[in-house]
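Novice: Got a structure for you, model_32.cif, holding mmCIF, C-alpha atoms.
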data_model
#
loop_
_atom_site.label_atom_id
_atom_site.label_comp_id
_atom_site.auth_asym_id
_atom_site.auth_seq_id
_atom_site.Cartn_x
_atom_site.Cartn_y
_atom_site.Cartn_z
CA MET A 1361 -32.76 -18.47 13.20
CA THR A 1362 -31.83 -20.89 15.97
CA ASP A 1363 -31.25 -20.05 19.60
CA ALA A 1364 -27.55 -20.72 19.22
CA LEU A 1365 -27.19 -17.64 17.00
CA ILE A 1366 -28.55 -15.26 19.59
CA PRO A 1367 -25.60 -14.20 21.74
CA ASP A 1368 -25.90 -14.49 25.47
CA PRO A 1369 -25.40 -10.99 26.92
CA ASN A 1370 -23.78 -12.39 30.06
CA GLN A 1371 -21.18 -14.37 28.19
CA THR A 1372 -17.64 -13.25 29.02
CA ILE A 1373 -14.86 -12.84 26.55
CA ASP A 1374 -11.21 -12.77 27.48
CA LEU A 1375 -9.91 -9.75 25.59
CA GLY A 1376 -6.41 -10.46 26.82
CA ALA A 1377 -6.46 -13.86 25.18
CA GLU A 1378 -7.84 -12.33 22.00
CA PHE A 1379 -5.01 -9.81 22.07
CA GLU A 1380 -2.54 -12.62 22.53
CA ALA A 1381 -4.06 -14.60 19.67
CA ALA A 1382 -3.77 -11.68 17.27
CA GLY A 1383 0.00 -11.72 17.78
CA LEU A 1384 -0.06 -8.00 18.20
CA GLN A 1385 2.07 -7.61 21.29
CA PRO A 1386 5.41 -8.13 19.51
CA THR A 1387 4.46 -5.53 16.91
CA LEU A 1388 3.42 -2.99 19.52
CA ASP A 1389 6.53 -3.76 21.59
CA GLU A 1390 8.70 -3.26 18.57
CA LEU A 1391 6.94 0.01 17.93
CA ASP A 1392 7.76 1.11 21.47
CA ALA A 1393 11.32 -0.10 21.31
CA THR A 1394 12.34 1.20 17.91
CA LEU A 1395 10.49 4.49 17.84
CA VAL A 1396 11.73 7.04 20.32
CA GLY A 1397 9.24 9.52 21.78
CA LEU A 1398 6.01 10.00 19.81
CA LYS A 1399 3.90 9.33 22.92
CA PRO A 1400 0.59 10.65 21.55
CA VAL A 1401 1.07 8.64 18.37
CA LYS A 1402 1.74 5.41 20.21
CA ALA A 1403 -1.22 6.01 22.50
CA ARG A 1404 -3.43 6.55 19.50
CA ILE A 1405 -2.20 3.41 17.77
CA ARG A 1406 -2.97 1.40 20.89
CA GLN A 1407 -6.46 2.89 20.95
CA ILE A 1408 -7.03 1.99 17.33
CA ALA A 1409 -5.68 -1.52 17.91
CA ALA A 1410 -8.03 -1.92 20.88
CA LEU A 1411 -10.99 -0.70 18.86
CA LEU A 1412 -10.24 -3.10 16.05
CA LEU A 1413 -9.81 -5.97 18.45
CA VAL A 1414 -13.12 -5.30 20.19
CA GLU A 1415 -14.75 -4.81 16.82
CA ARG A 1416 -13.47 -8.20 15.73
CA VAL A 1417 -14.82 -9.92 18.83
CA ARG A 1418 -18.16 -8.18 18.38
CA GLU A 1419 -18.36 -9.30 14.80
CA ARG A 1420 -17.73 -12.88 15.78
CA LEU A 1421 -20.60 -12.65 18.27
CA GLY A 1422 -22.88 -11.27 15.61
CA LEU A 1423 -22.79 -7.66 16.82
CA SER A 1424 -21.23 -6.29 13.67
CA ALA A 1425 -21.53 -2.57 13.15
CA GLY A 1426 -20.11 -2.56 9.62
CA ALA A 1427 -16.46 -2.20 8.72
CA PRO A 1428 -14.97 0.68 10.69
CA THR A 1429 -13.48 3.53 8.70
CA LEU A 1430 -9.74 3.24 9.03
CA HIS A 1431 -8.51 5.99 6.75
CA MET A 1432 -5.99 8.13 8.62
CA SER A 1433 -4.22 11.39 8.36
CA PHE A 1434 -0.71 11.83 9.74
CA THR A 1435 0.33 15.41 10.27
CA GLY A 1436 3.62 16.66 11.61
CA ASN A 1437 6.83 18.43 10.81
CA PRO A 1438 9.42 16.91 8.51
CA GLY A 1439 11.33 13.96 9.91
CA THR A 1440 8.91 13.10 12.71
CA GLY A 1441 8.45 9.50 11.59
CA LYS A 1442 5.22 9.60 9.61
CA THR A 1443 6.35 7.14 6.95
CA THR A 1444 7.90 4.78 9.48
CA VAL A 1445 4.70 4.67 11.51
CA ALA A 1446 2.63 4.14 8.35
CA LEU A 1447 4.68 1.03 7.59
CA ARG A 1448 4.01 -0.28 11.09
CA MET A 1449 0.36 0.56 10.71
CA ALA A 1450 0.11 -1.75 7.72
CA GLU A 1451 1.53 -4.53 9.87
CA ILE A 1452 -0.87 -3.86 12.74
CA LEU A 1453 -3.93 -3.71 10.50
CA HIS A 1454 -2.83 -6.89 8.78
CA LYS A 1455 -2.40 -8.74 12.07
CA LEU A 1456 -5.88 -7.66 13.10
CA GLY A 1457 -7.22 -8.91 9.81
CA TYR A 1458 -8.50 -5.59 8.52
CA ILE A 1459 -6.34 -5.63 5.45
CA ARG A 1460 -5.64 -8.80 3.58
CA ARG A 1461 -2.00 -8.19 2.75
CA ASN A 1462 0.78 -6.71 4.78
CA HIS A 1463 1.82 -4.26 2.15
CA LEU A 1464 2.04 -0.54 1.78
CA VAL A 1465 2.16 1.41 -1.46
CA SER A 1466 3.74 4.80 -0.97
CA VAL A 1467 2.86 7.44 -3.56
CA THR A 1468 3.09 11.16 -4.09
CA ARG A 1469 1.26 13.54 -6.38
CA ASP A 1470 3.35 12.45 -9.38
CA ASP A 1471 2.05 8.90 -9.17
CA LEU A 1472 -1.58 9.92 -9.07
CA VAL A 1473 -1.96 12.99 -11.25
CA GLY A 1474 -1.46 12.87 -15.00
CA GLN A 1475 0.03 15.41 -17.35
CA TYR A 1476 -2.82 15.92 -19.75
CA ILE A 1477 -6.58 15.53 -19.95
CA GLY A 1478 -7.68 11.93 -19.56
CA HIS A 1479 -4.35 10.81 -18.17
CA THR A 1480 -5.19 11.19 -14.50
CA ALA A 1481 -8.03 8.72 -14.07
CA PRO A 1482 -6.19 5.65 -15.45
CA LYS A 1483 -3.09 6.60 -13.50
CA THR A 1484 -4.93 6.97 -10.22
CA LYS A 1485 -6.88 3.78 -10.80
CA GLU A 1486 -3.68 1.93 -11.57
CA VAL A 1487 -2.19 3.00 -8.25
CA LEU A 1488 -5.39 2.10 -6.40
CA LYS A 1489 -5.43 -1.35 -7.96
CA ARG A 1490 -1.85 -1.86 -6.93
CA ALA A 1491 -2.65 -0.86 -3.34
CA MET A 1492 -5.81 -2.97 -3.06
CA GLY A 1493 -5.82 -5.24 -0.05
CA GLY A 1494 -3.23 -3.12 1.74
CA VAL A 1495 -2.43 0.44 2.69
CA LEU A 1496 -2.11 3.35 0.30
CA PHE A 1497 0.20 5.97 1.77
CA ILE A 1498 -0.05 9.38 0.12
CA ASP A 1499 2.93 11.45 1.14
CA GLU A 1500 2.54 15.23 1.06
CA ALA A 1501 -1.10 14.80 0.18
CA TYR A 1502 -1.78 18.55 0.08
CA TYR A 1503 0.02 18.77 -3.27
CA LEU A 1504 -2.93 16.93 -4.79
CA TYR A 1505 -4.96 20.07 -4.53
CA ARG A 1506 -3.61 23.21 -6.13
CA PRO A 1507 -6.10 25.99 -5.59
CA GLU A 1508 -4.07 28.48 -7.65
CA ASN A 1509 -4.68 26.51 -10.84
CA GLU A 1510 -8.32 25.79 -11.46
CA ARG A 1511 -7.56 23.49 -14.38
CA ASP A 1512 -5.27 21.33 -12.28
CA TYR A 1513 -5.91 17.62 -12.71
CA GLY A 1514 -5.39 16.97 -9.00
CA GLN A 1515 -9.10 17.46 -8.42
CA GLU A 1516 -9.85 14.50 -10.65
CA ALA A 1517 -7.50 12.26 -8.65
CA ILE A 1518 -9.13 13.47 -5.43
CA GLU A 1519 -12.59 12.55 -6.70
CA ILE A 1520 -11.53 9.01 -7.64
CA LEU A 1521 -9.77 8.60 -4.31
CA LEU A 1522 -12.84 9.74 -2.38
CA GLN A 1523 -15.04 7.35 -4.28
CA VAL A 1524 -12.80 4.36 -3.53
CA MET A 1525 -12.31 5.44 0.08
CA GLU A 1526 -16.07 5.37 0.50
CA ASN A 1527 -17.06 2.31 -1.52
CA GLN A 1528 -14.18 -0.08 -0.99
CA ARG A 1529 -13.43 0.43 2.66
CA ASP A 1530 -12.76 -3.25 3.20
CA ASP A 1531 -10.30 -3.40 0.31
CA LEU A 1532 -8.12 -0.42 1.03
CA VAL A 1533 -6.92 1.83 3.84
CA VAL A 1534 -5.69 5.26 2.82
CA ILE A 1535 -3.20 7.18 4.95
CA LEU A 1536 -2.61 10.81 4.08
CA ALA A 1537 0.51 12.49 5.38
CA GLY A 1538 1.83 16.02 5.32
CA TYR A 1539 2.89 19.07 7.26
CA ALA A 1540 0.25 20.17 9.72
CA ASP A 1541 -0.55 23.67 8.45
CA ARG A 1542 -0.75 22.73 4.79
CA MET A 1543 -2.84 19.63 5.51
CA GLU A 1544 -5.22 21.89 7.40
CA THR A 1545 -5.69 24.04 4.27
CA PHE A 1546 -6.07 20.88 2.20
CA PHE A 1547 -8.81 19.49 4.43
CA ARG A 1548 -10.56 22.84 4.55
CA SER A 1549 -10.77 23.02 0.78
CA ASN A 1550 -11.76 19.32 0.47
CA PRO A 1551 -14.38 18.76 3.15
CA GLY A 1552 -15.09 15.32 1.64
CA PHE A 1553 -11.68 14.18 2.75
CA ARG A 1554 -12.00 15.36 6.31
CA SER A 1555 -15.24 13.49 6.86
CA ARG A 1556 -13.89 10.29 5.35
CA VAL A 1557 -10.73 10.27 7.41
CA ALA A 1558 -11.54 8.87 10.83
CA HIS A 1559 -8.22 9.18 12.59
CA HIS A 1560 -6.24 12.38 12.61
CA ILE A 1561 -2.90 11.75 14.26
CA ASP A 1562 -0.52 14.57 15.01
CA PHE A 1563 3.19 13.85 15.22
CA PRO A 1564 4.94 16.11 17.74
CA ASP A 1565 8.49 17.39 17.29
CA TYR A 1566 11.21 15.52 19.14
CA GLU A 1567 12.83 16.76 22.35
CA ASP A 1568 16.62 17.18 22.47
CA GLY A 1569 17.04 14.06 24.57
CA GLU A 1570 14.92 12.02 22.20
CA LEU A 1571 16.95 13.19 19.24
CA LEU A 1572 20.13 12.09 20.97
CA GLU A 1573 18.58 8.72 21.65
CA ILE A 1574 17.53 8.48 18.00
CA SER A 1575 21.03 9.32 16.85
CA GLU A 1576 22.48 6.57 19.01
CA LYS A 1577 19.99 4.09 17.60
CA MET A 1578 20.91 5.13 14.08
CA LEU A 1579 24.61 4.72 14.77
CA GLU A 1580 24.04 1.36 16.39
CA ALA A 1581 22.20 0.16 13.31
CA GLN A 1582 25.25 1.09 11.24
CA ASN A 1583 27.75 -0.42 13.70
CA TYR A 1584 29.06 2.89 14.97
CA ARG A 1585 29.03 4.43 18.43
CA PHE A 1586 29.82 7.77 20.09
CA THR A 1587 32.81 8.26 22.35
CA PRO A 1588 31.68 9.97 25.59
CA ALA A 1589 33.10 13.27 24.34
CA GLY A 1590 31.48 12.68 20.97
CA ARG A 1591 28.15 12.15 22.63
CA ALA A 1592 28.43 15.40 24.57
CA ALA A 1593 29.44 17.21 21.39
CA PHE A 1594 26.45 15.79 19.55
CA ALA A 1595 24.11 16.94 22.32
CA ASP A 1596 25.51 20.44 21.79
CA TYR A 1597 25.11 19.99 18.07
CA ILE A 1598 21.41 19.14 18.43
CA THR A 1599 20.76 22.21 20.54
CA ALA A 1600 22.59 24.43 18.06
CA ARG A 1601 21.01 22.83 14.99
CA LYS A 1602 17.50 23.20 16.33
CA GLY A 1603 17.86 26.95 16.42
CA GLN A 1604 18.80 27.10 12.76
CA PRO A 1605 16.44 27.15 9.80
CA HIS A 1606 15.38 24.03 7.87
CA PHE A 1607 15.61 21.77 10.85
CA SER A 1608 13.77 18.56 10.07
CA ASN A 1609 14.02 16.44 13.21
CA ALA A 1610 15.26 12.88 12.73
CA ARG A 1611 16.12 13.50 9.08
CA SER A 1612 18.54 16.30 10.01
CA ILE A 1613 20.07 13.99 12.58
CA ARG A 1614 20.59 11.30 10.00
CA ASN A 1615 22.25 13.75 7.64
CA ALA A 1616 24.45 15.08 10.42
CA LEU A 1617 25.55 11.56 11.29
CA ASP A 1618 26.31 10.82 7.66
CA ARG A 1619 28.56 13.87 7.53
CA ALA A 1620 30.19 12.88 10.82
CA ARG A 1621 30.97 9.46 9.35
CA LEU A 1622 32.50 11.20 6.37
CA ARG A 1623 34.75 13.29 8.61
CA GLN A 1624 35.63 10.28 10.73
CA ALA A 1625 36.72 8.34 7.65
CA ASN A 1626 38.70 11.31 6.43
CA ARG A 1627 40.36 11.77 9.81
CA HIS A 1628 41.61 8.20 9.88
CA PHE A 1629 42.70 8.38 6.28
CA GLU A 1630 44.71 11.60 6.68
CA ASN A 1631 46.29 10.24 9.84
CA GLY A 1632 48.06 7.53 7.88
CA ALA A 1633 48.67 5.41 10.98
CA PRO A 1634 47.12 1.93 11.25
CA VAL A 1635 43.69 2.04 12.90
CA THR A 1636 42.06 -0.36 15.31
CA LEU A 1637 38.63 -1.88 14.84
CA GLY A 1638 37.40 0.11 17.82
CA ALA A 1639 38.58 3.36 16.27
CA LEU A 1640 36.74 2.55 13.06
CA MET A 1641 33.52 2.25 15.04
CA GLU A 1642 33.84 5.41 17.05
CA ILE A 1643 32.55 8.85 16.21
CA ASP A 1644 34.67 11.27 18.20
CA GLU A 1645 34.25 14.85 19.33
CA ALA A 1646 36.39 16.18 16.48
CA ASP A 1647 34.10 14.66 13.86
CA ILE A 1648 31.19 16.58 15.23
CA ARG A 1649 32.78 19.82 16.35
CA ALA A 1650 33.98 20.43 12.79
CA SER A 1651 30.39 20.90 11.70
CA ARG A 1652 29.21 24.02 9.95
CA VAL A 1653 26.58 24.39 12.66
CA PHE A 1654 29.21 25.23 15.27
CA LEU A 1655 31.17 27.49 12.92
CA GLU A 1656 28.14 29.63 12.23
CA LYS A 1657 27.47 29.99 15.90
CA LEU A 1658 30.91 31.44 16.52
CA THR A 1659 30.63 34.19 13.96
CA MET B 1128 -24.49 -24.76 -26.33
CA ARG B 1129 -22.16 -24.16 -23.43
CA ILE B 1130 -18.79 -22.93 -24.62
CA THR B 1131 -15.99 -24.83 -22.93
CA GLN B 1132 -12.64 -23.10 -23.12
CA GLY B 1133 -9.79 -22.78 -20.67
CA CYS B 1134 -9.73 -23.95 -17.07
CA PHE B 1135 -12.86 -24.85 -15.11
CA SER B 1136 -15.09 -24.70 -18.17
CA PHE B 1137 -16.74 -28.04 -17.41
CA LEU B 1138 -17.58 -26.82 -13.91
CA PRO B 1139 -20.49 -24.59 -13.03
CA ASP B 1140 -19.67 -20.89 -13.51
CA LEU B 1141 -17.33 -19.57 -10.85
CA THR B 1142 -18.76 -17.21 -8.27
CA ASP B 1143 -17.05 -13.88 -7.64
CA VAL B 1144 -15.44 -15.27 -4.49
CA GLN B 1145 -14.08 -18.23 -6.42
CA ILE B 1146 -12.81 -15.94 -9.17
CA ALA B 1147 -11.04 -13.80 -6.58
CA ALA B 1148 -9.48 -16.91 -5.04
CA GLN B 1149 -8.20 -18.15 -8.41
CA VAL B 1150 -6.84 -14.70 -9.23
CA GLN B 1151 -5.12 -14.59 -5.86
CA TYR B 1152 -3.46 -17.88 -6.68
CA CYS B 1153 -2.20 -16.45 -9.99
CA ILE B 1154 -0.87 -13.36 -8.20
CA SER B 1155 0.92 -15.54 -5.67
CA GLN B 1156 2.63 -17.32 -8.57
CA GLY B 1157 3.80 -13.96 -9.89
CA TRP B 1158 1.76 -14.11 -13.08
CA ALA B 1159 0.47 -10.99 -14.84
CA LEU B 1160 -3.29 -10.85 -15.22
CA GLY B 1161 -5.25 -9.60 -18.17
CA VAL B 1162 -8.98 -9.28 -18.76
CA GLU B 1163 -10.25 -9.93 -22.30
CA PHE B 1164 -13.67 -10.09 -23.94
CA THR B 1165 -15.16 -11.21 -27.25
CA ASP B 1166 -18.41 -11.95 -29.01
CA ASP B 1167 -16.74 -14.59 -31.18
CA PRO B 1168 -15.89 -17.59 -29.00
CA HIS B 1169 -14.67 -19.72 -31.93
CA PRO B 1170 -11.97 -22.03 -30.55
CA ARG B 1171 -9.53 -20.80 -33.20
CA ASN B 1172 -10.13 -17.16 -32.25
CA THR B 1173 -7.19 -16.49 -29.94
CA TYR B 1174 -7.35 -12.74 -30.35
CA TRP B 1175 -9.92 -11.52 -27.88
CA GLU B 1176 -10.26 -7.78 -27.21
CA MET B 1177 -8.18 -6.54 -24.31
CA TRP B 1178 -9.97 -4.78 -21.48
CA GLY B 1179 -7.24 -2.34 -20.47
CA LEU B 1180 -3.63 -3.31 -20.11
CA PRO B 1181 -2.51 -6.46 -18.31
CA MET B 1182 -1.89 -5.91 -14.61
CA PHE B 1183 1.65 -6.73 -13.57
CA ASP B 1184 2.30 -5.58 -10.04
CA LEU B 1185 -0.81 -6.29 -8.03
CA ALA B 1186 -0.71 -7.73 -4.53
CA ASP B 1187 -4.39 -8.47 -4.11
CA ALA B 1188 -7.17 -9.87 -6.28
CA ALA B 1189 -9.51 -6.95 -5.54
CA GLY B 1190 -7.96 -4.91 -8.36
CA VAL B 1191 -8.64 -7.62 -10.96
CA VAL B 1192 -12.16 -8.27 -9.69
CA GLN B 1193 -12.79 -4.56 -10.02
CA GLU B 1194 -11.71 -4.67 -13.69
CA VAL B 1195 -13.82 -7.76 -14.36
CA ASN B 1196 -16.84 -6.01 -12.94
CA ALA B 1197 -16.17 -2.90 -15.01
CA CYS B 1198 -15.86 -5.09 -18.12
CA ARG B 1199 -19.09 -6.91 -17.27
CA LYS B 1200 -20.84 -3.58 -16.98
CA ALA B 1201 -19.70 -2.56 -20.45
CA HIS B 1202 -19.81 -5.98 -22.17
CA GLY B 1203 -22.18 -8.06 -20.08
CA GLU B 1204 -23.51 -9.85 -23.18
CA LYS B 1205 -20.10 -11.07 -24.32
CA TYR B 1206 -17.63 -13.68 -23.20
CA ILE B 1207 -15.04 -12.39 -20.71
CA ARG B 1208 -11.97 -14.33 -19.65
CA ILE B 1209 -9.01 -13.82 -17.38
CA ASN B 1210 -5.55 -14.70 -18.67
CA ALA B 1211 -2.61 -15.27 -16.34
CA PHE B 1212 0.70 -14.81 -18.10
CA ASP B 1213 3.89 -16.34 -16.72
CA ASN B 1214 6.95 -14.40 -17.79
CA THR B 1215 9.58 -16.66 -16.21
CA HIS B 1216 12.25 -17.87 -18.57
CA GLY B 1217 11.29 -21.08 -20.30
CA TRP B 1218 7.57 -20.52 -19.87
CA GLU B 1219 6.80 -17.08 -21.29
CA THR B 1220 3.24 -18.06 -21.97
CA VAL B 1221 -0.29 -17.98 -20.63
CA ARG B 1222 -0.35 -20.44 -17.74
CA MET B 1223 -3.98 -20.16 -16.86
CA SER B 1224 -7.04 -18.84 -18.62
CA PHE B 1225 -10.65 -19.08 -17.58
CA ILE B 1226 -14.01 -17.67 -18.59
CA VAL B 1227 -15.64 -15.39 -16.02
CA ASN B 1228 -18.66 -14.16 -17.94
CA ARG B 1229 -21.00 -15.62 -20.58
CA PRO B 1230 -23.96 -14.14 -22.42
CA ALA B 1231 -27.39 -15.21 -21.19
CA THR B 1232 -27.92 -17.21 -24.38
CA GLU B 1233 -24.70 -18.67 -25.61
CA ALA B 1234 -23.32 -18.61 -29.12
CA GLN B 1235 -23.99 -21.62 -31.36
CA LEU B 1236 -21.12 -23.56 -32.88
CA ARG B 1237 -21.99 -25.57 -35.96
CA LEU B 1238 -19.89 -28.07 -37.84
CA THR B 1239 -20.14 -27.69 -41.61
CA ARG B 1240 -18.77 -30.00 -44.30
CA ARG B 1241 -17.49 -28.91 -47.64
CA GLU B 1242 -16.41 -30.86 -50.68
CA GLY B 1243 -12.66 -30.50 -51.32
CA PRO B 1244 -10.52 -31.52 -54.29
CA GLY B 1245 -10.90 -35.23 -55.09
CA ARG B 1246 -14.05 -35.71 -53.00
CA ASN B 1247 -12.04 -34.75 -49.92
CA GLN B 1248 -14.22 -33.73 -46.97
CA ILE B 1249 -13.28 -30.42 -45.35
CA TYR B 1250 -14.76 -29.64 -41.96
CA ALA B 1251 -15.20 -26.16 -40.54
CA MET B 1252 -16.72 -24.75 -37.39
CA ASP B 1253 -19.06 -21.78 -37.79
CA VAL B 1254 -20.06 -19.54 -34.96
CA ARG B 1255 -23.55 -18.22 -34.99
CA ALA B 1256 -24.14 -15.62 -32.37
CA SER B 1257 -27.51 -16.29 -30.90
#
Is it possible to give me this structure as structure tokens?
Specialist:
Amino acid sequence: MTDALIPDPNQTIDLGAEFEAAGLQPTLDELDATLVGLKPVKARIRQIAALLLVERVRERLGLSAGAPTLHMSFTGNPGTGKTTVALRMAEILHKLGYIRRNHLVSVTRDDLVGQYIGHTAPKTKEVLKRAMGGVLFIDEAYYLYRPENERDYGQEAIEILLQVMENQRDDLVVILAGYADRMETFFRSNPGFRSRVAHHIDFPDYEDGELLEISEKMLEAQNYRFTPAGRAAFADYITARKGQPHFSNARSIRNALDRARLRQANRHFENGAPVTLGALMEIDEADIRASRVFLEKLT
Amino acid sequence: MRITQGCFSFLPDLTDVQIAAQVQYCISQGWALGVEFTDDPHPRNTYWEMWGLPMFDLADAAGVVQEVNACRKAHGEKYIRINAFDNTHGWETVRMSFIVNRPATEAQLRLTRREGPGRNQIYAMDVRAS
């Protein structure tokens, strides 16, 4: 041991410069710009990024505290952006150097659990091998555990997962996602999971205004736009749709827009007259007001 | 006698880090990786036992290293090699193959001569497991 290896406690480190060097700002900015709302989620991601950054500096100075546990659980209603954020997470963790590859393997119960005895372990291991070095995203993770069937093979997959989550923390980050209430049951019946998942992030539902903003972003990505009347009609649509069953946030919005595009195309087609480029880009009031959502409200 | 087969066999044995780096290179080339083992390292023995199926869609070497370690645990006293198969048209063959595990005492290869028809000398290589 030489003196040079003992860090000087008064030494100053420019965290800002470190942050700059990690090239993280563009990723976080993009996260802010492309994802509407989700304030608690963004705040949490910033916290995690900060922790990882500080951890990295500490490690370089010889103050390592072992690889931090990065396994996460994303809970929230359908269509609140869990998968989208998971993809970004892979990018952030990669930029910070906590995973070696910027890749995410998205699986569900079907990919992990086999159909007969002895089928599950190879299947789960196969998926884990594929995800090594990156992020394993388990969508609707609560399906892994089926308490009503005691011979269910899900338990076997869970055991293998837990083992890898514990022993190969520097090779793999696991993100579990699912609806809040069912994930709660899942964690309660698998206490091993809860203790191995360090970050529980809850995705809130979107406000009406945020949904409208999301819809405009979606249209923009597809080279469409609302007419002013169309925009007002869609705001009404969101309010009406929210009160109806099976509302799944951004996903419902996307479906509604797809149907509006369908009606817009049909409207121009039936019209027979030549259309302008502008008209082909615009979603008008009529395309939205024709929705089933408004019809049901009238009756 | 040190068995020399495949890449790197005249170099000192690769460390795990070096193995992972070589595997990562193979993955970056898009080759499929297989782990194989045998107790008969005769140069004409091309059919080694497969340790599981070849791995086609990995992104990181950790998965292969994990398989190598599992194979070492089960067959630590045998030869283990990694094969990298290139499936691109025109190649369709093993592009890289290297030994990652050897027994503590290596097998002995011995050249034997036999008398053939018309005093012809026939040579053969015998493997004697040590």
Novice: Please identify every residue of region 1478-1524 of chain A that has at least one atom no farther than 6 Å from an atom of region 1174-1198 of chain B, counting only C-alpha atoms, and for each give the shortest atom pair and the distance in Å to one decimal, arranged by chain then increasing number, as JSON lines.
Specialist:
{"residue": "A:Lys1489", "atom": "CA", "partner": "B:Gly1190", "partner_atom": "CA", "distance": 4.4}
{"residue": "A:Arg1490", "atom": "CA", "partner": "B:Leu1185", "partner_atom": "CA", "distance": 4.7}
{"residue": "A:Met1492", "atom": "CA", "partner": "B:Asp1187", "partner_atom": "CA", "distance": 5.8}
{"residue": "A:Gly1493", "atom": "CA", "partner": "B:Asp1187", "partner_atom": "CA", "distance": 5.4}
Novice: Using only C-alpha atoms and a cut-off of 10 Å, which residues of chain A sit close to chain B? Please list them as a PyMOL selection string.
Specialist: chain A and resi 1460-1464+1482+1485-1494+1528+1531-1532
Novice: Neighbours of Arg1240 (chain B) within 9 Å (all atoms listed in the file; same-chain residues fewer than 5 positions away dropped), as a VMD selection string?
Specialist: chain B and resid 1248 to 1252
Novice: From the list A:Tyr1597, A:Glu1500, A:Leu1375, A:Gly1603, which residue is nearest Thr1468 (chain A) when using only C-alpha atoms?
Specialist: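 The shortest atom-to-atom distance to Thr1468 (chain A) comes from A:Glu1500.
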Novice: What does the distance from CA of Ala1616 (chain A) to CA of Val1396 (chain A) come to in Å, to one decimal?
Specialist: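 Result for CA of Ala1616 (chain A) versus CA of Val1396 (chain A): 18.0 Å, one decimal.
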Novice: Please report the interatomic distance between CA of Lys1442 (chain A) and CA of Val1557 (chain A) in Å with one decimal.
Specialist: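 Straight-line distance from CA of Lys1442 (chain A) to CA of Val1557 (chain A) works out to 16.1 Å.
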Novice: As a ChimeraX atom specification, please: the residues near Gly1514 (chain A) (cut-off 12 Å, only C-alpha atoms, same-chain neighbours under 3 positions excluded).
Specialist: /A:1468-1481,1483-1484,1501-1511,1517-1521,1546,1550
Novice: So, counting all atoms listed in the file, which residue among B:Val1227, B:Gln1156, B:Ile1207, B:Val1221 is closest to Phe1135 (chain B)?
Specialist: B:Val1227
Novice: Name every residue that the PyMOL selection byres ((chain A and resi 1395) around 9) selects in this structure, writing the answer as a PyMOL selection string with chains first and numbers rising.
Specialist: chain A and resi 1390-1394+1396-1398+1441+1444-1445+1574
Novice: Report the distance between CA of Leu1160 (chain B) and CA of Thr1142 (chain B) in Å, rounded to one decimal place.
Specialist: 18.1 Å
Novice: Apply the PyMOL selection byres ((chain B and resi 1253) around 10) to the displayed file and report the matching residues as JSON, numbers by chain.
Specialist: {"B": [1169, 1235, 1236, 1237, 1238, 1239, 1250, 1251, 1252, 1254, 1255, 1256]}
Novice: Since we have the selection now, will you write its residues out, keeping C-alpha atoms, as a PDB file, in the coordinates of the input?
Specialist:
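So selection_7.pdb came out as:
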ATOM      1  CA  HIS B1169     -14.670 -19.720 -31.930  1.00  0.00           C
ATOM      2  CA  GLN B1235     -23.990 -21.620 -31.360  1.00  0.00           C
ATOM      3  CA  LEU B1236     -21.120 -23.560 -32.880  1.00  0.00           C
ATOM      4  CA  ARG B1237     -21.990 -25.570 -35.960  1.00  0.00           C
ATOM      5  CA  LEU B1238     -19.890 -28.070 -37.840  1.00  0.00           C
ATOM      6  CA  THR B1239     -20.140 -27.690 -41.610  1.00  0.00           C
ATOM      7  CA  TYR B1250     -14.760 -29.640 -41.960  1.00  0.00           C
ATOM      8  CA  ALA B1251     -15.200 -26.160 -40.540  1.00  0.00           C
ATOM      9  CA  MET B1252     -16.720 -24.750 -37.390  1.00  0.00           C
ATOM     10  CA  VAL B1254     -20.060 -19.540 -34.960  1.00  0.00           C
ATOM     11  CA  ARG B1255     -23.550 -18.220 -34.990  1.00  0.00           C
ATOM     12  CA  ALA B1256     -24.140 -15.620 -32.370  1.00  0.00           C
TER      13      ALA B1256
END
Novice: Pick from B:Asp1167, B:Glu1204, B:Asn1210, B:Gln1132: nearest to Ile1154 (chain B), with only C-alpha atoms counted?
Specialist: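 Nearest to Ile1154 (chain B): B:Asn1210.
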Novice: Quick one: residues within 8 Å of Asn1583 (chain A), all atoms listed in the file counted, chain neighbours fewer than 3 positions away excluded, as a PyMOL selection string?
Specialist: chain A and resi 1579-1580+1641
Novice: Applying 6 Å and only C-alpha atoms, which residues near region 1620-1636 of chain A remain after dropping the ones on its own chain fewer than 2 positions away? List them as number ranges by chain.
Specialist: A: 1617-1618, 1638-1639, 1647-1648
Novice: Tell me, as a ChimeraX atom specification, which residues lie within 8 Å of Ser1424 (chain A), counting all atoms listed in the file; anything in the same chain fewer than 5 positions away does not count.
Specialist: /A:1415,1418-1419
Novice: Output, as lines of an AutoDock Vina configuration file, the centre and edge lengths in Å (one decimal) of the axis-aligned box that contains all listed atoms of region 1152-1166 of chain B with 3 Å of margin on each side.
Specialist:
center_x = -7.3
center_y = -13.6
center_z = -17.3
size_x = 28.2
size_y = 14.6
size_z = 29.3
Novice: Please write as a PyMOL selection string the list of polymer residues whose atoms come within 10 Å of (4.8, -15.8, -14.7), counting only C-alpha atoms and keeping to the coordinates of the file.
Specialist: chain B and resi 1153-1160+1183+1211-1216+1218-1222
Novice: A:Arg1585, A:Arg1548, A:Lys1455, A:Lys1602: which is nearest Asp1568 (chain A), counting all atoms listed in the file?
Specialist: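 When distances to Asp1568 (chain A) are compared using all atoms listed in the file, the smallest one comes from A:Lys1602.
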Novice: Apply the PyMOL selection byres ((chain A and resi 1453) around 10) to the displayed file and report the matching residues as a list of chain:residue names.
Specialist: A:Leu1384, A:Ile1408, A:Ala1409, A:Leu1412, A:Leu1430, A:Arg1448, A:Met1449, A:Ala1450, A:Glu1451, A:Ile1452, A:His1454, A:Lys1455, A:Leu1456, A:Gly1457, A:Tyr1458, A:Ile1459, A:Arg1460, A:Arg1461, A:Asn1462, A:Gly1494, A:Val1495, A:Val1533
